[in-house]
>>> print(open('start01.txt').read())   # compact mmCIF, C-alpha atoms
# COMPACT_ATOMS: atom_id res chain seq x y z
CA MET A 1 -7.52 -15.62 15.95
CA THR A 2 -7.59 -16.32 12.22
CA GLU A 3 -7.50 -14.00 9.25
CA VAL A 4 -11.28 -14.27 8.78
CA ASN A 5 -11.69 -11.83 11.68
CA ARG A 6 -9.23 -9.29 10.30
CA LEU A 7 -9.72 -6.21 8.18
CA ALA A 8 -7.11 -4.96 5.72
CA ILE A 9 -7.38 -1.35 4.58
CA ILE A 10 -5.81 -0.79 1.17
CA THR A 11 -5.16 2.44 -0.68
CA GLY A 12 -4.87 1.89 -4.41
CA GLY A 13 -6.56 -1.49 -4.13
CA LEU A 14 -8.41 -1.28 -7.45
CA GLY A 15 -5.38 -1.72 -9.67
CA GLY A 16 -1.68 -2.50 -9.89
CA LEU A 17 0.11 -3.75 -6.80
CA GLY A 18 -2.71 -2.76 -4.47
CA LEU A 19 -5.02 -5.06 -6.40
CA ALA A 20 -2.53 -7.95 -6.38
CA ILE A 21 -2.06 -7.62 -2.63
CA GLY A 22 -5.79 -7.19 -2.05
CA LYS A 23 -6.56 -10.40 -3.89
CA ALA A 24 -3.88 -12.28 -1.98
CA LEU A 25 -5.19 -11.04 1.38
CA ARG A 26 -8.75 -11.88 0.40
CA GLN A 27 -7.70 -15.43 -0.44
CA LYS A 28 -6.30 -15.66 3.09
CA GLY A 29 -9.70 -14.67 4.50
CA TYR A 30 -9.15 -11.00 5.23
CA HIS A 31 -12.03 -8.55 5.00
CA LEU A 32 -11.10 -5.61 2.76
CA ALA A 33 -11.71 -1.87 2.92
CA LEU A 34 -10.60 -0.32 -0.37
CA LEU A 35 -9.90 3.41 -0.45
CA TYR A 36 -10.28 4.86 -3.94
CA ALA A 37 -9.57 8.31 -5.36
CA PRO A 38 -12.48 10.59 -6.30
CA PHE A 39 -11.58 10.37 -10.00
CA GLU A 40 -12.13 6.59 -9.83
CA ALA A 41 -15.72 6.89 -8.59
CA ASP A 42 -17.43 6.11 -11.89
CA LYS A 43 -15.61 2.80 -12.34
CA VAL A 44 -15.42 1.48 -8.78
CA ASP A 45 -18.37 -0.90 -8.98
CA SER A 46 -17.29 -2.42 -12.29
CA LEU A 47 -13.70 -2.87 -11.12
CA VAL A 48 -14.74 -4.47 -7.83
CA LYS A 49 -17.01 -6.87 -9.69
CA SER A 50 -14.50 -7.76 -12.41
CA GLU A 51 -11.43 -8.02 -10.17
CA TYR A 52 -12.85 -9.26 -6.86
CA GLY A 53 -16.06 -10.91 -8.03
CA VAL A 54 -18.16 -8.85 -5.64
CA ASP A 55 -21.35 -7.10 -6.69
CA GLY A 56 -21.85 -4.07 -4.45
CA GLN A 57 -20.90 -3.51 -0.80
CA THR A 58 -20.67 -6.61 1.39
CA SER A 59 -19.58 -7.35 4.92
CA SER A 60 -16.28 -8.71 3.60
CA LEU A 61 -15.43 -6.05 1.00
CA ARG A 62 -16.36 -2.40 1.12
CA THR A 63 -15.14 0.66 -0.77
CA TYR A 64 -14.63 4.22 0.46
CA GLU A 65 -13.93 7.35 -1.54
CA CYS A 66 -10.86 9.10 -0.19
CA ASP A 67 -8.33 11.62 -1.43
CA VAL A 68 -5.43 10.33 0.65
CA THR A 69 -3.61 13.67 0.39
CA ASN A 70 -6.48 15.45 2.18
CA ASP A 71 -6.52 14.91 5.93
CA LEU A 72 -10.24 15.65 6.28
CA ALA A 73 -11.03 13.08 3.57
CA VAL A 74 -8.84 10.51 5.33
CA ILE A 75 -10.54 11.19 8.66
CA SER A 76 -13.97 10.83 7.03
CA ALA A 77 -13.07 7.50 5.41
CA MET A 78 -11.56 6.12 8.61
CA LEU A 79 -14.62 7.15 10.62
CA ALA A 80 -16.83 5.29 8.15
CA ILE A 81 -14.62 2.22 8.45
CA SER A 82 -14.74 2.45 12.24
CA GLU A 83 -18.53 2.60 12.19
CA HIS A 84 -18.67 -0.55 10.07
CA LEU A 85 -16.29 -2.33 12.45
CA GLU A 86 -18.22 -1.24 15.51
CA ALA A 87 -21.41 -2.55 13.94
CA SER A 88 -19.78 -5.97 13.68
CA ASN A 89 -19.55 -6.13 17.50
CA GLY A 90 -15.93 -7.19 17.44
CA THR A 91 -16.29 -9.93 14.84
CA ILE A 92 -14.19 -7.85 12.42
CA LEU A 93 -11.16 -5.98 13.73
CA PRO A 94 -8.65 -3.68 12.00
CA SER A 95 -5.34 -5.40 11.42
CA VAL A 96 -3.57 -4.37 8.22
CA LEU A 97 -2.90 -1.19 6.27
CA ILE A 98 -1.44 -1.40 2.77
CA ASN A 99 -0.39 1.93 1.30
CA ALA A 100 -0.19 1.20 -2.42
CA VAL A 101 -1.22 4.52 -3.97
CA ASN A 102 1.41 5.56 -6.51
CA TYR A 103 1.90 8.57 -8.76
CA LEU A 104 4.76 9.05 -11.22
CA SER A 105 5.42 11.83 -13.69
CA LEU A 106 8.67 11.78 -15.68
CA SER A 107 10.55 15.03 -16.15
CA PRO A 108 14.14 16.28 -15.83
CA LEU A 109 14.62 17.55 -12.30
CA GLY A 110 15.94 20.87 -13.54
CA THR A 111 12.77 21.70 -15.42
CA MET A 112 10.13 19.76 -13.49
CA PRO A 113 7.12 22.01 -12.79
CA ALA A 114 6.51 22.68 -9.12
CA ASP A 115 2.98 21.30 -9.29
CA GLU A 116 4.28 17.96 -10.61
CA MET A 117 6.80 17.78 -7.78
CA THR A 118 4.00 18.52 -5.32
CA LYS A 119 1.69 15.85 -6.76
CA GLN A 120 4.33 13.16 -6.41
CA LEU A 121 5.38 14.19 -2.92
CA HIS A 122 1.77 14.41 -1.78
CA ALA A 123 0.55 11.13 -3.32
CA ASN A 124 3.61 9.02 -2.53
CA LEU A 125 4.66 10.44 0.84
CA LEU A 126 2.11 12.73 2.49
CA GLY A 127 -0.83 10.45 1.64
CA PRO A 128 0.63 7.28 3.16
CA MET A 129 1.66 9.21 6.26
CA LEU A 130 -1.82 10.66 6.75
CA VAL A 131 -3.55 7.30 6.26
CA ALA A 132 -1.08 5.49 8.53
CA GLN A 133 -1.53 8.15 11.21
CA ARG A 134 -5.30 7.69 11.24
CA PHE A 135 -5.00 3.91 11.00
CA SER A 136 -2.79 3.85 14.10
CA GLY A 137 -5.51 5.75 15.94
CA ILE A 138 -8.21 3.29 14.90
CA TYR A 139 -6.01 0.35 15.80
CA TYR A 140 -5.33 1.78 19.26
CA GLN A 141 -9.03 2.47 19.80
CA PHE A 142 -10.04 -1.11 18.99
CA ARG A 143 -7.07 -2.59 20.85
CA LYS A 144 -8.30 -0.98 24.06
CA ALA A 145 -11.82 -2.33 23.51
CA HIS A 146 -10.80 -5.83 22.41
CA LYS A 147 -7.59 -6.57 24.31
CA ASP A 148 -8.03 -10.34 24.32
CA THR A 149 -8.96 -10.79 20.67
CA MET A 150 -7.13 -7.96 18.88
CA PRO A 151 -4.92 -9.21 16.04
CA PRO A 152 -1.43 -7.76 15.56
CA GLY A 153 -1.24 -4.53 13.60
CA ARG A 154 0.64 -4.37 10.32
CA ILE A 155 1.52 -1.45 8.05
CA VAL A 156 3.07 -2.18 4.67
CA ASN A 157 4.07 0.79 2.53
CA ILE A 158 4.89 0.25 -1.14
CA ALA A 159 8.06 2.18 -1.89
CA SER A 160 10.30 1.62 -4.93
CA GLN A 161 13.82 0.86 -6.08
CA ALA A 162 13.78 4.57 -6.92
CA ALA A 163 14.22 5.17 -3.19
CA HIS A 164 17.65 3.54 -3.40
CA ALA A 165 19.05 4.80 -6.72
CA ALA A 166 19.01 7.95 -8.81
CA LEU A 167 16.88 7.29 -11.89
CA ASP A 168 16.79 9.61 -14.89
CA GLN A 169 13.79 11.98 -14.87
CA HIS A 170 12.58 10.49 -11.57
CA GLY A 171 13.88 13.21 -9.21
CA ALA A 172 10.66 13.94 -7.33
CA TYR A 173 9.62 10.30 -7.42
CA CYS A 174 12.96 9.17 -5.95
CA ALA A 175 12.62 11.77 -3.21
CA SER A 176 9.04 10.79 -2.39
CA LYS A 177 9.83 7.08 -2.13
CA ALA A 178 13.01 7.62 -0.12
CA GLY A 179 10.95 9.77 2.21
CA LEU A 180 8.35 7.01 2.50
CA ILE A 181 10.98 4.54 3.66
CA ALA A 182 12.20 7.05 6.25
CA ALA A 183 8.62 7.62 7.40
CA THR A 184 8.09 3.86 7.65
CA ARG A 185 11.05 3.55 10.00
CA SER A 186 9.54 6.26 12.18
CA MET A 187 6.21 4.43 12.23
CA ALA A 188 8.03 1.25 13.23
CA PHE A 189 9.86 3.03 16.02
CA GLU A 190 6.94 5.01 17.41
CA TRP A 191 4.06 2.55 17.11
CA ALA A 192 5.58 -0.78 18.11
CA TYR A 193 4.20 -0.31 21.63
CA LEU A 194 0.71 -0.53 20.11
CA GLY A 195 1.39 -4.08 18.96
CA MET A 196 1.96 -2.83 15.43
CA THR A 197 4.83 -3.20 12.96
CA ALA A 198 5.60 -1.07 9.91
CA ASN A 199 7.65 -2.14 6.92
CA SER A 200 8.09 -1.21 3.28
CA ILE A 201 8.63 -3.02 -0.01
CA SER A 202 10.76 -1.57 -2.80
CA PRO A 203 9.99 -3.24 -6.12
CA GLY A 204 11.73 -2.60 -9.39
CA PRO A 205 9.51 -2.22 -12.47
CA VAL A 206 6.53 -4.53 -11.98
CA MET A 207 4.68 -6.21 -14.82
CA THR A 208 1.23 -4.97 -13.98
CA ASP A 209 -0.94 -3.94 -16.95
CA LEU A 210 0.54 -0.44 -16.77
CA GLY A 211 4.04 -1.83 -16.37
CA LYS A 212 3.71 -3.94 -19.50
CA LYS A 213 2.67 -0.88 -21.49
CA ALA A 214 5.46 1.26 -20.05
CA TRP A 215 8.08 -1.32 -21.00
CA SER A 216 6.66 -2.40 -24.35
CA ASP A 217 9.59 -0.94 -26.34
CA ASP A 218 12.02 -3.82 -26.96
CA ARG A 219 15.13 -1.63 -27.02
CA VAL A 220 14.28 0.21 -23.80
CA ARG A 221 13.27 -3.03 -22.08
CA ASP A 222 16.42 -4.92 -23.09
CA THR A 223 18.70 -2.04 -22.13
CA TYR A 224 17.21 -1.95 -18.63
CA LEU A 225 17.20 -5.72 -18.11
CA ALA A 226 20.87 -5.85 -19.05
CA GLN A 227 21.49 -3.92 -15.81
CA VAL A 228 19.44 -6.33 -13.66
CA PRO A 229 21.49 -9.27 -12.32
CA THR A 230 18.54 -11.67 -12.54
CA GLY A 231 17.63 -10.35 -15.99
CA VAL A 232 13.87 -10.32 -15.32
CA PHE A 233 11.17 -7.90 -14.26
CA THR A 234 9.28 -8.20 -11.00
CA GLN A 235 5.85 -9.84 -11.12
CA PRO A 236 2.92 -8.54 -9.02
CA GLU A 237 2.64 -11.89 -7.26
CA GLU A 238 6.17 -11.53 -5.89
CA VAL A 239 5.27 -8.27 -4.20
CA ALA A 240 1.98 -9.72 -2.92
CA THR A 241 3.83 -12.70 -1.42
CA ALA A 242 6.23 -10.39 0.42
CA ALA A 243 3.31 -8.31 1.68
CA LEU A 244 1.53 -11.43 2.95
CA TYR A 245 4.60 -12.39 4.95
CA LEU A 246 4.95 -8.91 6.46
CA CYS A 247 1.25 -9.06 7.44
CA SER A 248 1.55 -12.47 9.05
CA ASP A 249 1.87 -13.31 12.74
CA GLU A 250 5.21 -14.94 11.95
CA ALA A 251 6.65 -11.53 11.01
CA ARG A 252 6.08 -10.11 14.49
CA ASN A 253 9.74 -9.07 14.89
CA VAL A 254 10.21 -7.72 11.37
CA ASN A 255 9.85 -4.01 11.97
CA GLY A 256 11.27 -0.99 10.17
CA THR A 257 12.58 -3.12 7.32
CA ASP A 258 12.52 -2.46 3.58
CA ILE A 259 12.37 -5.47 1.26
CA ARG A 260 13.85 -4.87 -2.18
CA ILE A 261 12.36 -6.92 -5.03
CA ASP A 262 14.34 -5.58 -7.96
CA GLY A 263 16.45 -8.46 -9.17
CA GLY A 264 19.54 -6.92 -7.62
CA PHE A 265 19.39 -3.67 -9.65
CA THR A 266 20.18 -1.58 -6.56
CA ALA A 267 22.65 -4.09 -5.08
CA ARG A 268 25.56 -2.56 -6.99
>>> encode(input="start01.txt", output="structure tokens")
Amino acid sequence: MTEVNRLAIITGGLGGLGLAIGKALRQKGYHLALLYAPFEADKVDSLVKSEYGVDGQTSSLRTYECDVTNDLAVISAMLAISEHLEASNGTILPSVLINAVNYLSLSPLGTMPADEMTKQLHANLLGPMLVAQRFSGIYYQFRKAHKDTMPPGRIVNIASQAAHAALDQHGAYCASKAGLIAATRSMAFEWAYLGMTANSISPGPVMTDLGKKAWSDDRVRDTYLAQVPTGVFTQPEEVATAALYLCSDEARNVNGTDIRIDGGFTAR
């Protein structure tokens, strides 16, 4: 079975690393289901057209509104995806989940407002867990119905180097990403019997459009890079390449692993 029969569900697939991974999967022939946040609704169509070259919903790329921190919203989106897959009569089957939603708010841990802690924990940890939980259910459902043609299941969660090191003013973010890696290991342990693997990727600062703006100050940028053994930032394509490998059939025995792409910043 080739990638042209496979669906990849991506949270955060309209920008940043989710977009880079989405484009890479699409080039490999994957169908895409992009889950977007309610506040992105007014720009979804324009982003899909400008970034993916698709005008409106198609059989190979569809979008679904979903607040990933709300279980009912996740269930609704997954039911809609299931209906689309069932209508394809087995010609499109769920294979990959990429959890790329990310929320960061900088504040000293001692004075960080409780609502900001909650937002980061919900978006970066609770959300991926809820989506992965429902994805595992869909995968199992279709695996029973299509035993002979079902592709392997793959979950890739985007964590961060912040999961491995204490970063100034990143207390809640560090906790959320460390929790995501722990959750990924549990997914790997519990769902392998389904024919599914779960892994995470921990990038350092990535030069997406937002990353370039965040690191535009020469002094701040040079001070950070002086602590990175390779002396360079991570590029989105590096993360996408790692994700492609983890999604591949060749990675069938890579399970519960976290891949760090941070130039060796956390190797010390």
>>> closest_residue(input="start01.txt", among="A:Val232, A:Cys174, A:Val254, A:Ile75", to="Phe189 of chain A", atoms="only C-alpha atoms")
A:Val254
>>> closest_residue(input="start01.txt", among="A:Gln141, A:Ser248, A:Thr91, A:Thr257", to="Lys28 of chain A", atoms="only C-alpha atoms")
A:Ser248
>>> closest_residue(input="start01.txt", among="A:Ser186, A:Asn124, A:Thr197, A:Thr69", to="Val101 of chain A", atoms="only C-alpha atoms")
A:Asn124
>>> closest_residue(input="start01.txt", among="A:Tyr193, A:Phe39, A:Tyr52, A:Tyr139", to="Ala8 of chain A", atoms="only C-alpha atoms")
A:Tyr139
>>> residues_around(input="start01.txt", residues="Pro128 of chain A", least_positions_apart="3", cutoff="9 Å", atoms="only C-alpha atoms", output="list in words")
Thr11, Val68, Thr69, Ile98, Asn99, Ala100, Val101, His122, Ala123, Asn124, Leu125, Val131, Ala132, Gln133, Asn157 and Leu180 of chain A
>>> residues_near_point(input="start01.txt", point="(-1.5, -5.9, 13.4)", cutoff="7 Å", atoms="all atoms listed in the file", output="ChimeraX atom specification")
/A:95-96,151-154,195-197
>>> closest_residue(input="start01.txt", among="A:Thr111, A:Asn253, A:Gln161, A:Ser82", to="Tyr140 of chain A", atoms="all atoms listed in the file")
A:Ser82
>>> atom_distance(input="start01.txt", atom1="atom CA of Ser202 of chain A", atom2="atom CA of Ala240 of chain A")
12.0 Å
>>> axis_aligned_box(input="start01.txt", around="segment 190-199 of chain A", padding_each_side="4 Å", output="JSON")
{"center_x": 4.2, "center_y": 0.5, "center_z": 14.3, "size_x": 14.9, "size_y": 17.1, "size_z": 22.7}
>>> closest_residue(input="start01.txt", among="A:Ile201, A:Ala162, A:Ala192, A:Val206", to="Glu237 of chain A", atoms="only C-alpha atoms")
A:Val206
>>> residues_near_point(input="start01.txt", point="(-12.5, 2.8, 4.0)", cutoff="9 Å", atoms="all atoms listed in the file", output="list in words")
Ile9, Ile10, Thr11, Leu32, Ala33, Leu34, Leu35, Tyr36, Arg62, Thr63, Tyr64, Glu65, Cys66, Val74, Ser76, Ala77, Met78, Leu79, Ala80, Ile81 and Ser82 of chain A
>>> write_last_selection(input="start01.txt", atoms="C-alpha atoms", output="short mmCIF file (atom, residue, chain, number, x, y, z; two decimals), in the coordinates of the input")
data_model
loop_
_atom_site.label_atom_id
_atom_site.label_comp_id
_atom_site.auth_asym_id
_atom_site.auth_seq_id
_atom_site.Cartn_x
_atom_site.Cartn_y
_atom_site.Cartn_z
CA ILE A 9 -7.38 -1.35 4.58
CA ILE A 10 -5.81 -0.79 1.17
CA THR A 11 -5.16 2.44 -0.68
CA LEU A 32 -11.10 -5.61 2.76
CA ALA A 33 -11.71 -1.87 2.92
CA LEU A 34 -10.60 -0.32 -0.37
CA LEU A 35 -9.90 3.41 -0.45
CA TYR A 36 -10.28 4.86 -3.94
CA ARG A 62 -16.36 -2.40 1.12
CA THR A 63 -15.14 0.66 -0.77
CA TYR A 64 -14.63 4.22 0.46
CA GLU A 65 -13.93 7.35 -1.54
CA CYS A 66 -10.86 9.10 -0.19
CA VAL A 74 -8.84 10.51 5.33
CA SER A 76 -13.97 10.83 7.03
CA ALA A 77 -13.07 7.50 5.41
CA MET A 78 -11.56 6.12 8.61
CA LEU A 79 -14.62 7.15 10.62
CA ALA A 80 -16.83 5.29 8.15
CA ILE A 81 -14.62 2.22 8.45
CA SER A 82 -14.74 2.45 12.24
#
>>> atom_distance(input="start01.txt", atom1="atom CA of Ala242 of chain A", atom2="atom CA of Leu93 of chain A")
22.3 Å
>>> decode(input="start01.txt", residues="segment 227-238 of chain A", atoms="all heavy atoms", output="short mmCIF file (atom, residue, chain, number, x, y, z; two decimals), in the first residue's frame")
data_model
loop_
_atom_site.label_atom_id
_atom_site.label_comp_id
_atom_site.auth_asym_id
_atom_site.auth_seq_id
_atom_site.Cartn_x
_atom_site.Cartn_y
_atom_site.Cartn_z
N GLN A 227 25.70 29.17 22.61
CA GLN A 227 25.50 28.02 23.48
C GLN A 227 25.13 26.75 22.71
O GLN A 227 24.96 25.69 23.32
CB GLN A 227 24.39 28.32 24.49
CG GLN A 227 24.63 29.57 25.33
CD GLN A 227 23.42 29.88 26.20
OE1 GLN A 227 23.09 29.14 27.13
NE2 GLN A 227 22.72 30.96 25.88
N VAL A 228 24.98 26.87 21.39
CA VAL A 228 24.59 25.74 20.55
C VAL A 228 25.84 25.19 19.87
O VAL A 228 26.50 25.90 19.11
CB VAL A 228 23.56 26.17 19.49
CG1 VAL A 228 23.17 24.99 18.62
CG2 VAL A 228 22.33 26.78 20.16
N PRO A 229 26.21 23.94 20.12
CA PRO A 229 27.43 23.38 19.54
C PRO A 229 27.53 23.54 18.02
O PRO A 229 28.62 23.83 17.50
CB PRO A 229 27.37 21.91 19.95
CG PRO A 229 26.66 21.94 21.26
CD PRO A 229 25.61 23.01 21.11
N THR A 230 26.42 23.37 17.30
CA THR A 230 26.49 23.52 15.85
C THR A 230 26.48 24.99 15.42
O THR A 230 26.85 25.31 14.29
CB THR A 230 25.30 22.83 15.16
OG1 THR A 230 24.08 23.43 15.62
CG2 THR A 230 25.31 21.33 15.46
N GLY A 231 26.03 25.87 16.32
CA GLY A 231 26.03 27.30 16.04
C GLY A 231 24.95 27.77 15.09
O GLY A 231 25.01 28.89 14.58
N VAL A 232 23.92 26.94 14.85
CA VAL A 232 22.87 27.33 13.90
C VAL A 232 21.50 26.97 14.47
O VAL A 232 21.36 26.08 15.31
CB VAL A 232 23.04 26.66 12.52
CG1 VAL A 232 24.31 27.14 11.84
CG2 VAL A 232 23.04 25.13 12.66
N PHE A 233 20.49 27.69 13.99
CA PHE A 233 19.11 27.39 14.34
C PHE A 233 18.60 26.20 13.53
O PHE A 233 19.14 25.86 12.47
CB PHE A 233 18.22 28.60 14.08
CG PHE A 233 18.36 29.72 15.06
CD1 PHE A 233 18.90 30.94 14.68
CD2 PHE A 233 17.94 29.56 16.37
CE1 PHE A 233 19.02 31.98 15.58
CE2 PHE A 233 18.06 30.61 17.29
CZ PHE A 233 18.60 31.81 16.89
N THR A 234 17.52 25.61 14.01
CA THR A 234 16.86 24.54 13.29
C THR A 234 15.97 25.11 12.19
O THR A 234 15.31 26.13 12.38
CB THR A 234 15.99 23.71 14.26
OG1 THR A 234 16.83 23.17 15.29
CG2 THR A 234 15.29 22.58 13.54
N GLN A 235 15.95 24.46 11.05
CA GLN A 235 15.10 24.86 9.94
C GLN A 235 13.85 23.96 9.91
O GLN A 235 13.91 22.78 10.29
CB GLN A 235 15.84 24.75 8.61
CG GLN A 235 17.03 25.68 8.49
CD GLN A 235 16.63 27.16 8.61
OE1 GLN A 235 15.60 27.56 8.05
NE2 GLN A 235 17.42 27.94 9.33
N PRO A 236 12.71 24.50 9.48
CA PRO A 236 11.48 23.70 9.44
C PRO A 236 11.63 22.40 8.67
O PRO A 236 11.05 21.37 9.05
CB PRO A 236 10.47 24.64 8.76
CG PRO A 236 10.99 26.01 9.02
CD PRO A 236 12.49 25.89 9.02
N GLU A 237 12.42 22.43 7.60
CA GLU A 237 12.59 21.24 6.77
C GLU A 237 13.27 20.10 7.52
O GLU A 237 13.02 18.92 7.23
CB GLU A 237 13.40 21.59 5.52
CG GLU A 237 12.71 22.55 4.56
CD GLU A 237 12.71 24.00 5.06
OE1 GLU A 237 13.54 24.33 5.94
OE2 GLU A 237 11.89 24.79 4.55
N GLU A 238 14.12 20.45 8.49
CA GLU A 238 14.77 19.40 9.28
C GLU A 238 13.76 18.65 10.12
O GLU A 238 13.82 17.42 10.25
CB GLU A 238 15.84 20.03 10.18
CG GLU A 238 16.99 20.68 9.46
CD GLU A 238 17.94 21.35 10.45
OE1 GLU A 238 18.77 20.63 11.05
OE2 GLU A 238 17.86 22.58 10.64
#
